[in-house]
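Text of the file final25.pdb, holding PDB, C-alpha atoms:
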```pdb
ATOM      1  CA  MET A 287     112.668 102.762 122.175
ATOM      2  CA  MET A 288     113.466 101.007 118.883
ATOM      3  CA  VAL A 289     112.058  97.738 120.211
ATOM      4  CA  GLU A 290     108.976  99.493 121.603
ATOM      5  CA  ALA A 291     108.264 101.139 118.247
ATOM      6  CA  ASP A 292     108.588  97.878 116.331
ATOM      7  CA  ALA A 293     106.545  95.943 118.915
ATOM      8  CA  LYS A 294     103.738  98.453 118.391
ATOM      9  CA  LEU A 295     103.948  97.935 114.637
ATOM     10  CA  LEU A 296     103.860  94.135 115.033
ATOM     11  CA  ALA A 297     101.231  93.885 117.791
ATOM     12  CA  PRO A 298      97.905  92.343 116.824
ATOM     13  CA  VAL A 299      95.119  94.921 116.723
ATOM     14  CA  ALA A 300      91.462  94.432 117.555
ATOM     15  CA  THR A 301      90.761  97.597 119.541
ATOM     16  CA  GLY A 302      94.265  99.101 119.724
ATOM     17  CA  THR A 303      94.446  98.795 123.510
ATOM     18  CA  LEU A 304      97.391  96.397 123.442
ATOM     19  CA  LYS A 305      99.329  98.553 121.001
ATOM     20  CA  ARG A 306      98.753 101.683 123.103
ATOM     21  CA  SER A 307      99.796  99.873 126.281
ATOM     22  CA  ILE A 308     103.273  98.866 125.077
ATOM     23  CA  THR A 309     105.925 100.884 126.897
ATOM     24  CA  HIS A 310     109.600 100.719 127.765
ATOM     25  CA  ASP A 311     111.572 101.265 130.942
ATOM     26  CA  VAL A 312     115.303 101.608 131.565
ATOM     27  CA  LYS A 313     116.922 101.329 134.970
ATOM     28  CA  SER A 314     120.591 101.875 135.747
ATOM     29  CA  ASP A 315     122.795 101.505 138.763
ATOM     30  CA  ASP A 316     126.569 101.499 139.179
ATOM     31  CA  ASP A 317     127.015  98.013 137.716
ATOM     32  CA  LYS A 318     124.364  97.551 135.055
ATOM     33  CA  THR A 319     121.642  98.986 132.876
ATOM     34  CA  VAL A 320     118.490  96.987 132.223
ATOM     35  CA  GLY A 321     115.882  97.793 129.624
ATOM     36  CA  ALA A 322     112.424  96.281 129.340
ATOM     37  CA  VAL A 323     109.598  96.523 126.831
ATOM     38  CA  GLY A 324     106.142  95.201 127.545
ATOM     39  CA  SER A 325     102.531  95.781 128.443
ATOM     40  CA  ASN A 326     100.474  95.677 131.613
ATOM     41  CA  ILE A 327      97.390  94.494 129.730
ATOM     42  CA  GLU A 328      96.046  91.202 131.078
ATOM     43  CA  TYR A 329      96.014  89.442 127.702
ATOM     44  CA  ALA A 330      99.422  90.691 126.472
ATOM     45  CA  TYR A 331     101.111  87.368 127.317
ATOM     46  CA  TRP A 332      98.400  85.438 125.457
ATOM     47  CA  ALA A 333      98.780  87.718 122.442
ATOM     48  CA  GLU A 334     102.572  87.217 122.431
ATOM     49  CA  GLN A 335     102.097  83.442 122.481
ATOM     50  CA  HIS A 336      99.609  83.466 119.591
ATOM     51  CA  THR A 337     100.875  86.361 117.462
ATOM     52  CA  PRO A 338     104.419  87.153 118.564
ATOM     53  CA  TYR A 339     105.222  90.848 118.520
ATOM     54  CA  LEU A 340     107.751  91.436 121.331
ATOM     55  CA  GLU A 341     110.285  88.738 120.475
ATOM     56  CA  PRO A 342     110.367  89.610 116.754
ATOM     57  CA  ALA A 343     110.788  93.294 117.675
ATOM     58  CA  VAL A 344     113.862  92.392 119.737
ATOM     59  CA  ASP A 345     115.196  90.081 117.024
ATOM     60  CA  GLN A 346     114.942  92.671 114.260
ATOM     61  CA  ASN A 347     116.712  95.280 116.401
ATOM     62  CA  LEU A 348     119.381  93.048 117.952
ATOM     63  CA  GLU A 349     122.213  94.179 115.674
ATOM     64  CA  LYS A 350     121.295  97.846 116.184
ATOM     65  CA  ILE A 351     121.266  97.306 119.953
ATOM     66  CA  LYS A 352     124.676  95.605 119.832
ATOM     67  CA  GLN A 353     126.046  98.464 117.725
ATOM     68  CA  LYS A 354     124.732 101.090 120.175
ATOM     69  CA  ILE A 355     126.362  99.230 123.084
ATOM     70  CA  LYS A 356     129.624  98.974 121.145
ATOM     71  CA  GLU A 357     129.539 102.728 120.401
ATOM     72  CA  ILE A 358     129.077 103.506 124.082
ATOM     73  CA  LEU A 359     131.837 101.151 125.224
ATOM     74  CA  THR A 360     134.372 102.091 122.536
ATOM     75  CA  PRO A 361     136.462 105.163 123.391
ATOM     76  CA  THR A 362     136.310 107.859 120.717
ATOM     77  CA  GLY A 363     138.872 107.332 117.981
ATOM     78  CA  LYS A 364     139.639 103.726 119.004
ATOM     79  CA  GLU A 365     137.516 101.841 116.432
TER      80      GLU A 365
END
```
Full structure transcribed into structure tokens:
Amino acid sequence: MMVEADAKLLAPVATGTLKRSITHDVKSDDDKTVGAVGSNIEYAYWAEQHTPYLEPAVDQNLEKIKQKIKEILTPTGKE
């Protein structure tokens, strides 16, 4: 959700359609959890190549994401 929010802030805006289309999805099974942020708009890939918004959103949240994972994997009181 952090990456989605920042991607929306960084997305180029002409009509706002791209910004409104950015969503996230998280899927889990017994072995792994996978998160994704993106858009189903036809020109989203083109926009990312010309005015990056997804990759910078991940980059600026990478340390926060690592910290959240560490918090989940570290037993309480063991830090």
Evaluate the PyMOL selection byres ((chain A and resi 308-316) around 10) on the structure here and hand back the selected residues as number ranges by chain. A: 287-291, 293-294, 297, 303-307, 317-327, 330, 340
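Pairwise distance (CA of Trp332 (chain A), CA of Asn347 (chain A)) equals 22.7 Å.
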Record the distance separating CA of Tyr329 (chain A) and CA of Leu296 (chain A), expressed in Å with one decimal. 15.6 Å
So the first atom is CA of Tyr339 (chain A) and the second is CA of Gly302 (chain A); what is the distance between them in Å, to one decimal place? 13.8 Å
Which neighbours of Gln346 (chain A) fall inside 10 Å, counting only C-alpha atoms, when residues of the same chain fewer than 4 positions from it are skipped, and could you give them as a count of residues only? 7
3 Å per side around region 312-329 of chain A: axis-aligned box centre and edge lengths, as JSON:
```
{"center_x": 111.5, "center_y": 95.7, "center_z": 133.0, "size_x": 37.0, "size_y": 18.4, "size_z": 18.3}
```
